[in-house]
Every structure is written in C-alpha cells, then in structure tokens.
$ cat final.csv   # CSV, C-alpha atoms
chain,number,residue,atom,x,y,z
N,1,MET,CA,19.5,217.6,58.5
N,2,GLY,CA,19.7,221.3,59.1
N,3,GLU,CA,17.8,223.9,61.1
N,4,ARG,CA,14.7,223.5,59.0
N,5,ASP,CA,14.3,220.0,60.4
N,6,ILE,CA,14.8,220.8,64.1
N,7,HIS,CA,11.5,222.6,64.4
N,8,VAL,CA,9.4,220.1,62.5
N,9,PRO,CA,8.4,217.2,64.8
N,10,VAL,CA,7.9,213.9,62.9
N,11,LEU,CA,4.3,213.0,62.1
N,12,LEU,CA,3.1,215.6,64.6
N,13,GLU,CA,-0.5,215.8,63.5
N,14,ARG,CA,-0.9,212.0,63.5
N,15,CYS,CA,0.7,211.7,66.9
N,16,LEU,CA,-1.7,214.4,68.3
N,17,GLU,CA,-4.7,212.7,66.7
N,18,LEU,CA,-3.8,209.3,68.3
N,19,LEU,CA,-3.1,210.7,71.7
N,20,ALA,CA,-6.0,213.2,71.9
N,21,PRO,CA,-8.7,210.9,73.4
N,22,ALA,CA,-6.4,210.0,76.3
N,23,LEU,CA,-5.1,213.5,76.9
N,24,ASP,CA,-8.5,215.2,76.9
N,25,ARG,CA,-9.2,213.7,80.3
N,26,ALA,CA,-9.0,215.9,83.3
N,27,GLY,CA,-5.6,216.1,84.9
N,28,ALA,CA,-4.1,213.8,82.2
N,29,LEU,CA,-0.3,213.0,82.6
N,30,HIS,CA,1.6,212.7,79.3
N,31,LEU,CA,5.1,211.1,79.2
N,32,ASP,CA,7.4,212.2,76.5
N,33,ALA,CA,10.1,209.6,77.0
N,34,THR,CA,12.4,211.2,74.4
N,35,LEU,CA,11.9,214.9,74.9
N,36,GLY,CA,14.6,216.2,72.4
N,37,LEU,CA,14.0,219.8,71.7
N,38,GLY,CA,10.4,219.6,72.9
N,39,GLY,CA,8.5,219.9,69.6
N,40,HIS,CA,6.0,217.2,70.2
N,41,ALA,CA,5.7,218.2,73.9
N,42,GLU,CA,5.0,221.8,73.0
N,43,ALA,CA,2.2,220.7,70.6
N,44,VAL,CA,0.7,218.4,73.2
N,45,LEU,CA,0.7,221.2,75.9
N,46,LEU,CA,-0.9,223.7,73.5
N,47,ALA,CA,-3.6,221.2,72.3
N,48,HIS,CA,-4.5,220.0,75.8
N,49,PRO,CA,-4.5,222.9,78.3
N,50,GLY,CA,-5.4,220.6,81.2
N,51,ALA,CA,-2.7,218.1,80.6
N,52,ARG,CA,0.6,217.8,82.5
N,53,LEU,CA,3.9,216.8,80.9
N,54,LEU,CA,6.7,214.5,82.2
N,55,GLY,CA,9.6,214.9,79.8
N,56,LEU,CA,12.7,212.6,79.9
N,57,ASP,CA,15.9,213.0,78.0
N,58,ARG,CA,19.5,211.7,78.5
N,59,ASP,CA,20.9,214.6,76.7
N,60,THR,CA,21.6,217.5,79.1
N,61,GLN,CA,21.8,220.1,76.2
N,62,ALA,CA,18.5,218.9,74.8
N,63,LEU,CA,16.9,219.3,78.2
N,64,ARG,CA,18.2,222.8,78.6
N,65,LEU,CA,16.9,223.9,75.2
N,66,ALA,CA,13.6,222.1,75.6
N,67,GLY,CA,13.2,223.8,79.0
N,68,GLN,CA,13.6,227.2,77.3
N,69,ARG,CA,11.0,226.2,74.7
N,70,LEU,CA,8.5,225.0,77.2
N,71,ALA,CA,9.0,227.8,79.7
N,72,PRO,CA,5.4,229.2,79.1
N,73,TYR,CA,4.1,225.9,80.4
N,74,ALA,CA,6.4,225.5,83.3
N,75,ASP,CA,3.6,225.1,85.8
N,76,ARG,CA,2.5,221.9,83.9
N,77,THR,CA,5.9,220.4,83.1
N,78,ARG,CA,8.5,218.3,84.8
N,79,LEU,CA,11.7,217.7,82.9
N,80,VAL,CA,14.1,215.0,84.1
N,81,HIS,CA,17.6,214.0,83.1
N,82,ALA,CA,17.1,210.3,82.6
N,83,VAL,CA,17.3,207.5,80.0
N,84,TYR,CA,13.8,206.2,79.2
N,85,ASP,CA,14.4,202.8,80.7
N,86,GLU,CA,14.5,204.7,84.1
N,87,LEU,CA,10.9,205.8,83.7
N,88,GLU,CA,9.7,203.4,86.3
N,89,GLU,CA,11.8,205.1,89.0
N,90,VAL,CA,10.9,208.5,87.7
N,91,LEU,CA,7.1,207.8,87.7
N,92,ASP,CA,7.3,206.2,91.2
N,93,GLY,CA,4.0,204.4,90.8
N,94,ALA,CA,2.1,207.2,89.0
N,95,GLY,CA,0.0,206.1,86.1
N,96,ILE,CA,0.2,207.9,82.7
N,97,ASP,CA,-2.5,208.8,80.2
N,98,GLY,CA,-0.4,209.3,77.2
N,99,ALA,CA,3.1,208.3,76.2
N,100,LEU,CA,5.3,209.1,73.2
N,101,PHE,CA,8.7,207.6,72.2
N,102,ASP,CA,10.5,209.3,69.3
N,103,LEU,CA,13.4,207.0,68.9
N,104,GLY,CA,16.9,207.3,67.5
N,105,VAL,CA,19.3,210.3,67.1
N,106,SER,CA,17.9,213.8,67.1
N,107,SER,CA,18.4,216.5,64.5
N,108,MET,CA,20.3,218.6,67.1
N,109,GLN,CA,22.7,215.7,67.9
N,110,LEU,CA,23.4,215.2,64.2
N,111,ASP,CA,23.9,219.0,63.6
N,112,GLU,CA,26.3,219.5,66.5
N,113,ALA,CA,29.6,218.7,64.7
N,114,ASP,CA,31.5,218.0,67.9
N,115,ARG,CA,29.2,215.1,68.9
N,116,GLY,CA,30.6,212.8,66.3
N,117,PHE,CA,27.2,211.3,65.1
N,118,ALA,CA,27.5,212.5,61.5
N,119,TYR,CA,29.7,210.9,58.9
N,120,ALA,CA,29.4,214.0,56.6
N,121,GLN,CA,31.6,216.2,58.9
N,122,ASP,CA,34.8,215.6,60.8
N,123,ALA,CA,34.6,215.4,64.6
N,124,PRO,CA,35.9,213.4,67.6
N,125,LEU,CA,34.3,209.9,67.7
N,126,ASP,CA,32.0,210.5,70.7
N,127,MET,CA,28.4,209.5,69.8
N,128,ARG,CA,27.1,209.6,73.4
N,129,MET,CA,23.6,211.0,73.7
N,130,ASP,CA,24.5,211.7,77.4
N,131,GLN,CA,27.9,213.2,77.4
N,132,THR,CA,28.2,212.9,81.2
N,133,ARG,CA,28.6,209.1,81.2
N,134,GLY,CA,29.3,206.0,79.2
N,135,ILE,CA,31.9,204.8,76.7
N,136,THR,CA,32.5,206.7,73.5
N,137,ALA,CA,32.6,205.5,69.9
N,138,ALA,CA,36.4,206.1,70.0
N,139,GLU,CA,36.7,203.6,72.8
N,140,VAL,CA,34.7,201.0,70.9
N,141,VAL,CA,36.7,201.3,67.7
N,142,ASN,CA,40.0,201.4,69.5
N,143,THR,CA,39.5,198.6,72.0
N,144,TYR,CA,37.0,196.0,70.7
N,145,SER,CA,38.3,192.8,69.1
N,146,HIS,CA,37.8,192.1,65.4
N,147,GLY,CA,35.0,189.7,66.4
N,148,ASP,CA,33.2,192.1,68.6
N,149,LEU,CA,33.5,195.0,66.2
N,150,ALA,CA,32.1,192.8,63.3
N,151,ARG,CA,29.3,191.6,65.5
N,152,VAL,CA,28.3,195.2,66.4
N,153,LEU,CA,28.4,196.3,62.7
N,154,ARG,CA,26.5,193.2,61.5
N,155,VAL,CA,23.8,193.1,64.2
N,156,TYR,CA,23.2,196.8,64.8
N,157,GLY,CA,24.0,198.1,61.4
N,158,GLU,CA,22.9,195.1,59.3
N,159,GLU,CA,26.2,195.7,57.5
N,160,LYS,CA,27.0,192.9,55.0
N,161,PHE,CA,30.7,193.9,54.9
N,162,ALA,CA,31.1,194.0,58.7
N,163,SER,CA,34.2,191.8,58.8
N,164,ARG,CA,36.0,193.8,56.2
N,165,ILE,CA,35.3,197.0,57.9
N,166,ALA,CA,36.3,195.7,61.3
N,167,GLN,CA,39.6,194.5,59.8
N,168,ALA,CA,40.2,197.9,58.3
N,169,ILE,CA,39.6,199.5,61.7
N,170,LEU,CA,42.1,197.2,63.3
N,171,ARG,CA,44.8,198.0,60.7
N,172,GLU,CA,44.2,201.7,61.1
N,173,ARG,CA,44.4,201.6,64.9
N,174,GLY,CA,47.7,199.7,64.6
N,175,LYS,CA,49.1,203.0,63.3
N,176,GLY,CA,47.7,205.0,66.2
N,177,GLU,CA,44.3,205.8,67.8
N,178,LEU,CA,41.4,206.2,65.5
N,179,ASN,CA,39.5,209.3,66.8
N,180,SER,CA,38.2,211.0,63.7
N,181,SER,CA,34.7,210.5,62.3
N,182,ALA,CA,35.8,211.6,58.8
N,183,ARG,CA,38.7,209.1,58.9
N,184,LEU,CA,36.3,206.3,60.0
N,185,ALA,CA,33.9,207.2,57.2
N,186,GLU,CA,36.7,207.0,54.7
N,187,LEU,CA,37.8,203.6,56.0
N,188,VAL,CA,34.3,202.2,55.7
N,189,ARG,CA,33.9,203.6,52.2
N,190,ASP,CA,37.2,202.0,51.1
N,191,SER,CA,36.2,198.7,52.7
N,192,ILE,CA,33.0,198.3,50.7
N,193,PRO,CA,33.2,197.1,47.1
N,194,ALA,CA,32.5,199.8,44.5
N,195,PRO,CA,29.3,198.3,43.1
N,196,ALA,CA,27.8,198.1,46.7
N,197,ARG,CA,28.7,201.8,47.3
N,198,ARG,CA,26.5,202.9,44.4
N,199,THR,CA,23.2,202.2,46.2
N,200,GLY,CA,21.7,202.6,49.7
N,201,GLY,CA,23.0,206.1,50.6
N,202,HIS,CA,26.3,206.9,52.2
N,203,PRO,CA,28.5,203.8,52.7
N,204,ALA,CA,29.2,204.7,56.3
N,205,LYS,CA,25.6,205.1,57.3
N,206,ARG,CA,25.2,201.6,58.6
N,207,THR,CA,28.5,201.6,60.5
N,208,PHE,CA,27.7,204.9,62.3
N,209,GLN,CA,24.2,203.7,63.2
N,210,ALA,CA,25.7,200.5,64.7
N,211,LEU,CA,28.3,202.4,66.7
N,212,ARG,CA,25.7,204.8,68.0
N,213,ILE,CA,23.4,202.0,69.1
N,214,GLU,CA,26.3,200.2,70.8
N,215,VAL,CA,27.6,203.3,72.6
N,216,ASN,CA,24.1,204.3,73.9
N,217,GLY,CA,22.8,200.7,74.5
N,218,GLU,CA,19.7,201.8,72.5
N,219,LEU,CA,18.1,198.5,71.9
N,220,ALA,CA,18.6,197.1,75.4
N,221,VAL,CA,17.2,200.4,76.8
N,222,LEU,CA,14.2,200.2,74.5
N,223,GLU,CA,13.6,196.6,75.4
N,224,ARG,CA,13.3,197.5,79.1
N,225,ALA,CA,11.4,200.7,78.6
N,226,LEU,CA,8.5,199.6,76.5
N,227,PRO,CA,7.0,197.1,79.0
N,228,ALA,CA,7.5,199.6,81.8
N,229,ALA,CA,5.6,202.3,79.8
N,230,LEU,CA,2.8,199.9,78.9
N,231,ASP,CA,2.5,198.8,82.5
N,232,ALA,CA,2.2,202.5,83.5
N,233,LEU,CA,-0.6,203.3,81.1
N,234,LYS,CA,-4.0,203.8,82.8
N,235,PRO,CA,-7.1,202.2,81.3
N,236,GLY,CA,-7.9,204.2,78.2
N,237,GLY,CA,-4.3,205.5,78.1
N,238,ARG,CA,-2.5,205.6,74.7
N,239,MET,CA,1.1,205.1,73.6
N,240,VAL,CA,2.7,206.2,70.3
N,241,VAL,CA,6.1,205.0,69.2
N,242,LEU,CA,8.1,206.4,66.2
N,243,SER,CA,11.0,204.2,65.2
N,244,TYR,CA,13.5,204.7,62.4
N,245,HIS,CA,14.9,201.3,61.5
N,246,SER,CA,13.8,197.7,61.5
N,247,LEU,CA,15.7,196.8,64.7
N,248,GLU,CA,13.7,199.3,66.7
N,249,ASP,CA,10.4,198.6,65.1
N,250,ARG,CA,10.8,194.9,65.7
N,251,LEU,CA,11.2,195.4,69.4
N,252,VAL,CA,8.2,197.7,69.4
N,253,LYS,CA,6.1,195.2,67.6
N,254,GLN,CA,7.2,192.4,69.9
N,255,ALA,CA,6.3,194.5,73.0
N,256,ILE,CA,2.8,195.1,71.6
N,257,VAL,CA,1.9,191.8,70.1
N,258,GLY,CA,1.8,189.6,73.2
N,259,ARG,CA,-0.5,192.1,75.0
N,260,SER,CA,-2.9,192.7,72.1
N,261,ARG,CA,-3.7,189.1,71.2
N,262,SER,CA,-6.5,187.1,72.8
N,263,THR,CA,-5.4,184.0,74.6
N,264,VAL,CA,-8.8,182.3,74.2
N,265,PRO,CA,-8.8,179.2,72.0
N,266,VAL,CA,-10.1,179.9,68.5
N,267,GLU,CA,-12.7,177.2,68.8
N,268,LEU,CA,-14.4,178.9,71.8
N,269,PRO,CA,-17.4,180.9,70.5
N,270,PHE,CA,-17.1,183.7,73.1
N,271,GLU,CA,-14.4,185.5,75.1
N,272,PRO,CA,-14.8,184.9,78.9
N,273,ALA,CA,-14.7,188.0,81.1
N,274,GLY,CA,-11.2,188.9,82.1
N,275,SER,CA,-9.5,187.2,79.2
N,276,GLU,CA,-9.6,190.1,76.8
N,277,PRO,CA,-6.3,191.4,75.4
N,278,GLU,CA,-4.7,194.1,77.5
N,279,LEU,CA,-4.1,196.4,74.5
N,280,ARG,CA,-6.0,197.6,71.5
N,281,VAL,CA,-3.8,198.3,68.5
N,282,LEU,CA,-4.7,201.6,66.9
N,283,THR,CA,-2.7,201.2,63.7
N,284,ARG,CA,-2.7,198.7,60.9
N,285,GLY,CA,0.9,197.4,61.3
N,286,ALA,CA,3.4,200.1,61.1
N,287,GLU,CA,2.2,203.4,59.6
N,288,LEU,CA,4.6,205.0,57.1
N,289,PRO,CA,4.8,208.7,56.2
N,290,ASP,CA,3.2,210.0,53.0
N,291,ALA,CA,5.1,212.0,50.4
N,292,ALA,CA,3.9,215.3,51.7
N,293,GLU,CA,5.3,214.5,55.2
N,294,VAL,CA,8.7,213.5,53.8
N,295,ALA,CA,8.8,216.6,51.6
N,296,ALA,CA,8.1,218.8,54.6
N,297,ASN,CA,10.4,216.9,56.9
N,298,PRO,CA,13.1,214.7,55.4
N,299,ARG,CA,13.8,213.1,58.8
N,300,ALA,CA,10.4,211.4,58.5
N,301,ALA,CA,11.6,209.3,55.4
N,302,SER,CA,12.3,206.2,57.4
N,303,VAL,CA,9.8,206.5,60.2
N,304,ARG,CA,7.5,203.8,61.3
N,305,LEU,CA,4.6,204.6,63.7
N,306,ARG,CA,2.8,202.2,66.0
N,307,ALA,CA,0.2,203.1,68.6
N,308,VAL,CA,-1.8,201.2,71.2
N,309,GLU,CA,-4.5,201.9,73.8
N,310,ARG,CA,-4.9,200.1,77.1
N,311,ARG,CA,-8.3,198.6,77.2
N,312,GLU,CA,-10.8,199.5,79.9
N,313,PRO,CA,-11.5,196.7,82.3
N,314,ALA,CA,-14.6,194.7,81.1
N,315,ASP,CA,-16.4,195.2,84.4
N,316,SER,CA,-16.2,199.0,84.0
N,317,LYS,CA,-18.1,199.1,80.8

$ encode --input "final.csv" --output "structure tokens"
Amino acid sequence: MGERDIHVPVLLERCLELLAPALDRAGALHLDATLGLGGHAEAVLLAHPGARLLGLDRDTQALRLAGQRLAPYADRTRLVHAVYDELEEVLDGAGIDGALFDLGVSSMQLDEADRGFAYAQDAPLDMRMDQTRGITAAEVVNTYSHGDLARVLRVYGEEKFASRIAQAILRERGKGELNSSARLAELVRDSIPAPARRTGGHPAKRTFQALRIEVNGELAVLERALPAALDALKPGGRMVVLSYHSLEDRLVKQAIVGRSRSTVPVELPFEPAGSEPELRVLTRGAELPDAAEVAANPRAASVRLRAVERREPADSK
C-alpha cells in the first residue's frame, strides 16, 4: 500500500449511503471509532453539515494528521486518543446516531517503515498501534514459550505451520534477540514448505497478522466495543463495520445476530408488542467489494461490510 491508498477510504460511497438516514437528523452525533487519517470522517462531515463527529484512535500520529485534515470542521469535531473499547467512557451516556468501525491496520501504519507492521521492509519489531503503551512484537517473539507462540500464530493468523514457525523463532532467539521484521519474515518463509509458499500471497502475511492482533489485543477490544456501540445507538441509529479477515467478521456477525433475531416461537402467528428484534440488518450477510472498488483501492480486496439499524420502539410508530 502506498500513498495512493491513504486518501481512498474503503467502500466510502456505500458507507455514506448506509449512514445517511441516521445522520440527516438534526444535531446527529457520528462516532468514527477508528478515525485513522480521517477519510471517512471528512466525507461524513461534508455530506452532513448538521452532524457532529466524535473520532477515536489509539494512534497519536493518526490523530494529529486527522486533526489537520478535519481542521475546517473543528467546530463540529471532537477527537480523542482512545482505543475503541473505551467508547463507553468517552461517550459518558451520550447516544449516537451513526457509528463506523474500519478495522485492522491502516495504510499509514503499514507505510511507516519504523512501525514494524510490514513484512516487505526491514524495521524494529514494534507493531503497536499506540506507541505510548503496551508490549511490542519483539517482546512477544523473544519471551513467549513455544506453545504460546504457536497458539498465537494458529489462532490469530490461521497459520497451518504455526508450530514449525514457533520452533524456528525459538532457535533464532537462542542466538540473540530477534528484533528485525525482515529477519522474522525470512524465518517464516524458510519454515513453510516450498509448495505451500507458492499460493496465498507472502508466506509471512499470516504470522505478521497474528503478532499484530496479539500486540494490540484487537479481537478482545472488538468483542468489548461492539456491544457498547450498539447499546449507544439511538432508535433509528445506524452502525457500519468494515472488517478485513474472518476472525474480525465472525465477531461482528455474532454481535449482530443475537440482537436481530426474533425470540418469538415460530408457531406463534404474530409478534407481541415489545418482542421485536432490537436491530434491523441492512446488508445481506457480509457485503464484498466489486472489481471497480478493488481496482481503485487495493486495500478493499479483503473487506467485508456489515450494517445494522436500531429499530424504533413499537409504541413510537
């Protein structure tokens, strides 16, 4: 991913279309839980002159750059250094009309060589989205046991050769600390049988994904954040989530399903008042990008989009 991707928010028009009915309301409050460089947020503020923005990001550099981008809308924006599972404290009881989660690592984080996210360039093994706190990827690969390393790679990277890669890491660190992203990528490549290296992209892709998820606690954070965001949605409010691998999408689906299904027995010919599902699903399963979207923005290739609306109470209709 290069500079051309940074300024192209993923599925921008579709996100705007889905959020519009909720953000057209007077004084609407929109939560961008993963602000990044502010591309989606800028489009929302431009499309909805009456809407206000609450933008969260754990990356202080992203917040600074997004603040510059959104400066023309400063009177309608509040940007907060926070992980999105802290949104309940940030909102402090306020309801939201719209919410957007654009999950995973950002283009900026991949492009910044010294962050250690990318296997294609050498850098210190950091991988923290918030460089002010938390463990680094170097600490993970240099201190975890074989069993713990293999578990991280297998569960978070869905890596079939997790045990072999973990063993190679332990052998390497026996010679001295492993701190180089390029050296780690080389170890992973050499640990995977040649036939398996010929398909599925770069051999280190799954290992780097797994370490990034472990370092940033991404799945645990998401599991806490989604219910909090859904709880904060006002009636008629809408939430859109963009996820980039099956582990994220599975959590999104789980958070939605329980609140969007009727609990009324199927044999009952009517739905009693007050028993309606809390959410209305706005997408048929997970929406995938079309060829034109991927051509315009390669980052969109693996995206899955899900969206919901909080139903209006039955007695208000």

$ residues_around --input "final.csv" --residues "Ala168 (chain N)" --least-positions-apart "5" --cutoff "10 Å" --atoms "all atoms listed in the file" --output "PyMOL selection string"
chain N and resi 146+162-163+173-174+184+187-188+190-191

$ atom_distance --input "final.csv" --atom1 "CA of His48 (chain N)" --atom2 "CA of Val257 (chain N)"
29.5 Å

$ residues_around --input "final.csv" --residues "Gly147 (chain N)" --least-positions-apart "3" --cutoff "12 Å" --atoms "only C-alpha atoms" --output "JSON, numbers by chain"
{"N": [141, 143, 144, 150, 151, 152, 153, 154, 155, 162, 163, 164, 165, 166, 167, 169, 170]}

$ atom_distance --input "final.csv" --atom1 "CA of Leu222 (chain N)" --atom2 "CA of Ile96 (chain N)"
18.0 Å

$ atom_distance --input "final.csv" --atom1 "CA of Arg14 (chain N)" --atom2 "CA of Gly95 (chain N)"
23.4 Å

$ residues_around --input "final.csv" --residues "Asp59 (chain N)" --least-positions-apart "2" --cutoff "12 Å" --atoms "all atoms listed in the file" --output "PyMOL selection string"
chain N and resi 33-37+55-57+61-66+79-84+105-106+108-109+115+127-133+216

$ write_last_selection --input "final.csv" --atoms "C-alpha atoms" --output "PDB file, keeping the file's coordinate frame"
ATOM      1  CA  ALA N  33      10.100 209.600  77.000  1.00  0.00           C
ATOM      2  CA  THR N  34      12.400 211.200  74.400  1.00  0.00           C
ATOM      3  CA  LEU N  35      11.900 214.900  74.900  1.00  0.00           C
ATOM      4  CA  GLY N  36      14.600 216.200  72.400  1.00  0.00           C
ATOM      5  CA  LEU N  37      14.000 219.800  71.700  1.00  0.00           C
ATOM      6  CA  GLY N  55       9.600 214.900  79.800  1.00  0.00           C
ATOM      7  CA  LEU N  56      12.700 212.600  79.900  1.00  0.00           C
ATOM      8  CA  ASP N  57      15.900 213.000  78.000  1.00  0.00           C
ATOM      9  CA  GLN N  61      21.800 220.100  76.200  1.00  0.00           C
ATOM     10  CA  ALA N  62      18.500 218.900  74.800  1.00  0.00           C
ATOM     11  CA  LEU N  63      16.900 219.300  78.200  1.00  0.00           C
ATOM     12  CA  ARG N  64      18.200 222.800  78.600  1.00  0.00           C
ATOM     13  CA  LEU N  65      16.900 223.900  75.200  1.00  0.00           C
ATOM     14  CA  ALA N  66      13.600 222.100  75.600  1.00  0.00           C
ATOM     15  CA  LEU N  79      11.700 217.700  82.900  1.00  0.00           C
ATOM     16  CA  VAL N  80      14.100 215.000  84.100  1.00  0.00           C
ATOM     17  CA  HIS N  81      17.600 214.000  83.100  1.00  0.00           C
ATOM     18  CA  ALA N  82      17.100 210.300  82.600  1.00  0.00           C
ATOM     19  CA  VAL N  83      17.300 207.500  80.000  1.00  0.00           C
ATOM     20  CA  TYR N  84      13.800 206.200  79.200  1.00  0.00           C
ATOM     21  CA  VAL N 105      19.300 210.300  67.100  1.00  0.00           C
ATOM     22  CA  SER N 106      17.900 213.800  67.100  1.00  0.00           C
ATOM     23  CA  MET N 108      20.300 218.600  67.100  1.00  0.00           C
ATOM     24  CA  GLN N 109      22.700 215.700  67.900  1.00  0.00           C
ATOM     25  CA  ARG N 115      29.200 215.100  68.900  1.00  0.00           C
ATOM     26  CA  MET N 127      28.400 209.500  69.800  1.00  0.00           C
ATOM     27  CA  ARG N 128      27.100 209.600  73.400  1.00  0.00           C
ATOM     28  CA  MET N 129      23.600 211.000  73.700  1.00  0.00           C
ATOM     29  CA  ASP N 130      24.500 211.700  77.400  1.00  0.00           C
ATOM     30  CA  GLN N 131      27.900 213.200  77.400  1.00  0.00           C
ATOM     31  CA  THR N 132      28.200 212.900  81.200  1.00  0.00           C
ATOM     32  CA  ARG N 133      28.600 209.100  81.200  1.00  0.00           C
ATOM     33  CA  ASN N 216      24.100 204.300  73.900  1.00  0.00           C
TER      34      ASN N 216
END

$ closest_residue --input "final.csv" --among "N:Gly157, N:Gly134, N:Pro124, N:Gly104" --to "Tyr244 (chain N)" --atoms "all atoms listed in the file"
N:Gly104

$ closest_residue --input "final.csv" --among "N:Lys253, N:Arg58, N:His30, N:Arg69" --to "Val308 (chain N)" --atoms "all atoms listed in the file"
N:Lys253

$ residues_around --input "final.csv" --residues "Ser181 (chain N)" --least-positions-apart "6" --cutoff "7 Å" --atoms "only C-alpha atoms" --output "ChimeraX atom specification"
/N:116,119,122-125

$ closest_residue --input "final.csv" --among "N:Ala41, N:Val303, N:Val281, N:Ala194" --to "Arg238 (chain N)" --atoms "all atoms listed in the file"
N:Val281

$ residues_around --input "final.csv" --residues "Val10 (chain N)" --least-positions-apart "4" --cutoff "10 Å" --atoms "only C-alpha atoms" --output "list in words"
Asp5, Ile6, Arg14, Cys15, Gly39, His40, Asp102, Leu242, Pro289, Glu293, Val294, Ala296, Asn297, Pro298, Arg299, Ala300, Ala301, Val303 and Leu305 of chain N

$ closest_residue --input "final.csv" --among "N:His202, N:Arg306, N:Arg311, N:Arg250" --to "Leu11 (chain N)" --atoms "all atoms listed in the file"
N:Arg306

$ closest_residue --input "final.csv" --among "N:Arg310, N:Tyr156, N:Glu177, N:Asp231" --to "His245 (chain N)" --atoms "all atoms listed in the file"
N:Tyr156

$ closest_residue --input "final.csv" --among "N:Thr199, N:Ala118, N:Leu211, N:Leu233" --to "Ala182 (chain N)" --atoms "only C-alpha atoms"
N:Ala118

$ build_atoms --input "final.csv" --residues "region 243-250 of chain N" --atoms "all heavy atoms" --output "short mmCIF file (atom, residue, chain, number, x, y, z; two decimals), keeping the file's coordinate frame"
data_model
loop_
_atom_site.label_atom_id
_atom_site.label_comp_id
_atom_site.auth_asym_id
_atom_site.auth_seq_id
_atom_site.Cartn_x
_atom_site.Cartn_y
_atom_site.Cartn_z
N SER N 243 9.69 204.81 65.32
CA SER N 243 11.00 204.20 65.20
C SER N 243 11.52 204.42 63.77
O SER N 243 10.76 204.70 62.85
CB SER N 243 10.95 202.69 65.51
OG SER N 243 9.83 202.07 64.96
N TYR N 244 12.84 204.29 63.62
CA TYR N 244 13.50 204.70 62.40
C TYR N 244 14.29 203.65 61.67
O TYR N 244 14.88 203.91 60.63
CB TYR N 244 14.35 205.96 62.64
CG TYR N 244 13.52 207.14 63.07
CD1 TYR N 244 13.16 207.32 64.40
CD2 TYR N 244 13.03 208.05 62.13
CE1 TYR N 244 12.37 208.38 64.79
CE2 TYR N 244 12.23 209.11 62.52
CZ TYR N 244 11.90 209.27 63.84
OH TYR N 244 11.09 210.31 64.23
N HIS N 245 14.34 202.46 62.23
CA HIS N 245 14.90 201.30 61.50
C HIS N 245 14.32 200.05 62.00
O HIS N 245 13.62 200.02 63.03
CB HIS N 245 16.48 201.33 61.62
CG HIS N 245 17.00 201.31 63.03
ND1 HIS N 245 16.99 200.20 63.83
CD2 HIS N 245 17.57 202.30 63.77
CE1 HIS N 245 17.53 200.48 65.00
NE2 HIS N 245 17.88 201.74 64.99
N SER N 246 14.54 198.98 61.26
CA SER N 246 13.80 197.70 61.50
C SER N 246 14.13 197.13 62.86
O SER N 246 13.28 196.45 63.46
CB SER N 246 14.16 196.72 60.40
OG SER N 246 15.56 196.46 60.37
N LEU N 247 15.33 197.36 63.40
CA LEU N 247 15.70 196.80 64.70
C LEU N 247 14.80 197.38 65.80
O LEU N 247 14.31 196.66 66.67
CB LEU N 247 17.15 197.03 65.01
CG LEU N 247 18.15 196.44 64.01
CD1 LEU N 247 19.56 196.89 64.34
CD2 LEU N 247 18.07 194.92 63.98
N GLU N 248 14.62 198.69 65.77
CA GLU N 248 13.70 199.30 66.70
C GLU N 248 12.30 198.87 66.56
O GLU N 248 11.62 198.50 67.52
CB GLU N 248 13.78 200.86 66.57
CG GLU N 248 15.06 201.53 66.98
CD GLU N 248 15.07 203.02 66.63
OE1 GLU N 248 14.29 203.45 65.77
OE2 GLU N 248 15.89 203.73 67.23
N ASP N 249 11.84 198.91 65.32
CA ASP N 249 10.40 198.60 65.10
C ASP N 249 10.11 197.15 65.45
O ASP N 249 9.01 196.87 65.92
CB ASP N 249 10.12 198.82 63.57
CG ASP N 249 8.65 198.60 63.27
OD1 ASP N 249 7.81 199.27 63.90
OD2 ASP N 249 8.34 197.75 62.41
N ARG N 250 11.07 196.25 65.27
CA ARG N 250 10.80 194.90 65.70
C ARG N 250 10.61 194.74 67.16
O ARG N 250 9.72 194.00 67.60
CB ARG N 250 12.06 194.02 65.24
CG ARG N 250 11.84 192.51 65.32
CD ARG N 250 13.08 191.78 64.79
NE ARG N 250 13.40 192.23 63.45
CZ ARG N 250 14.64 192.45 63.01
NH1 ARG N 250 15.68 192.28 63.81
NH2 ARG N 250 14.85 192.83 61.78
#
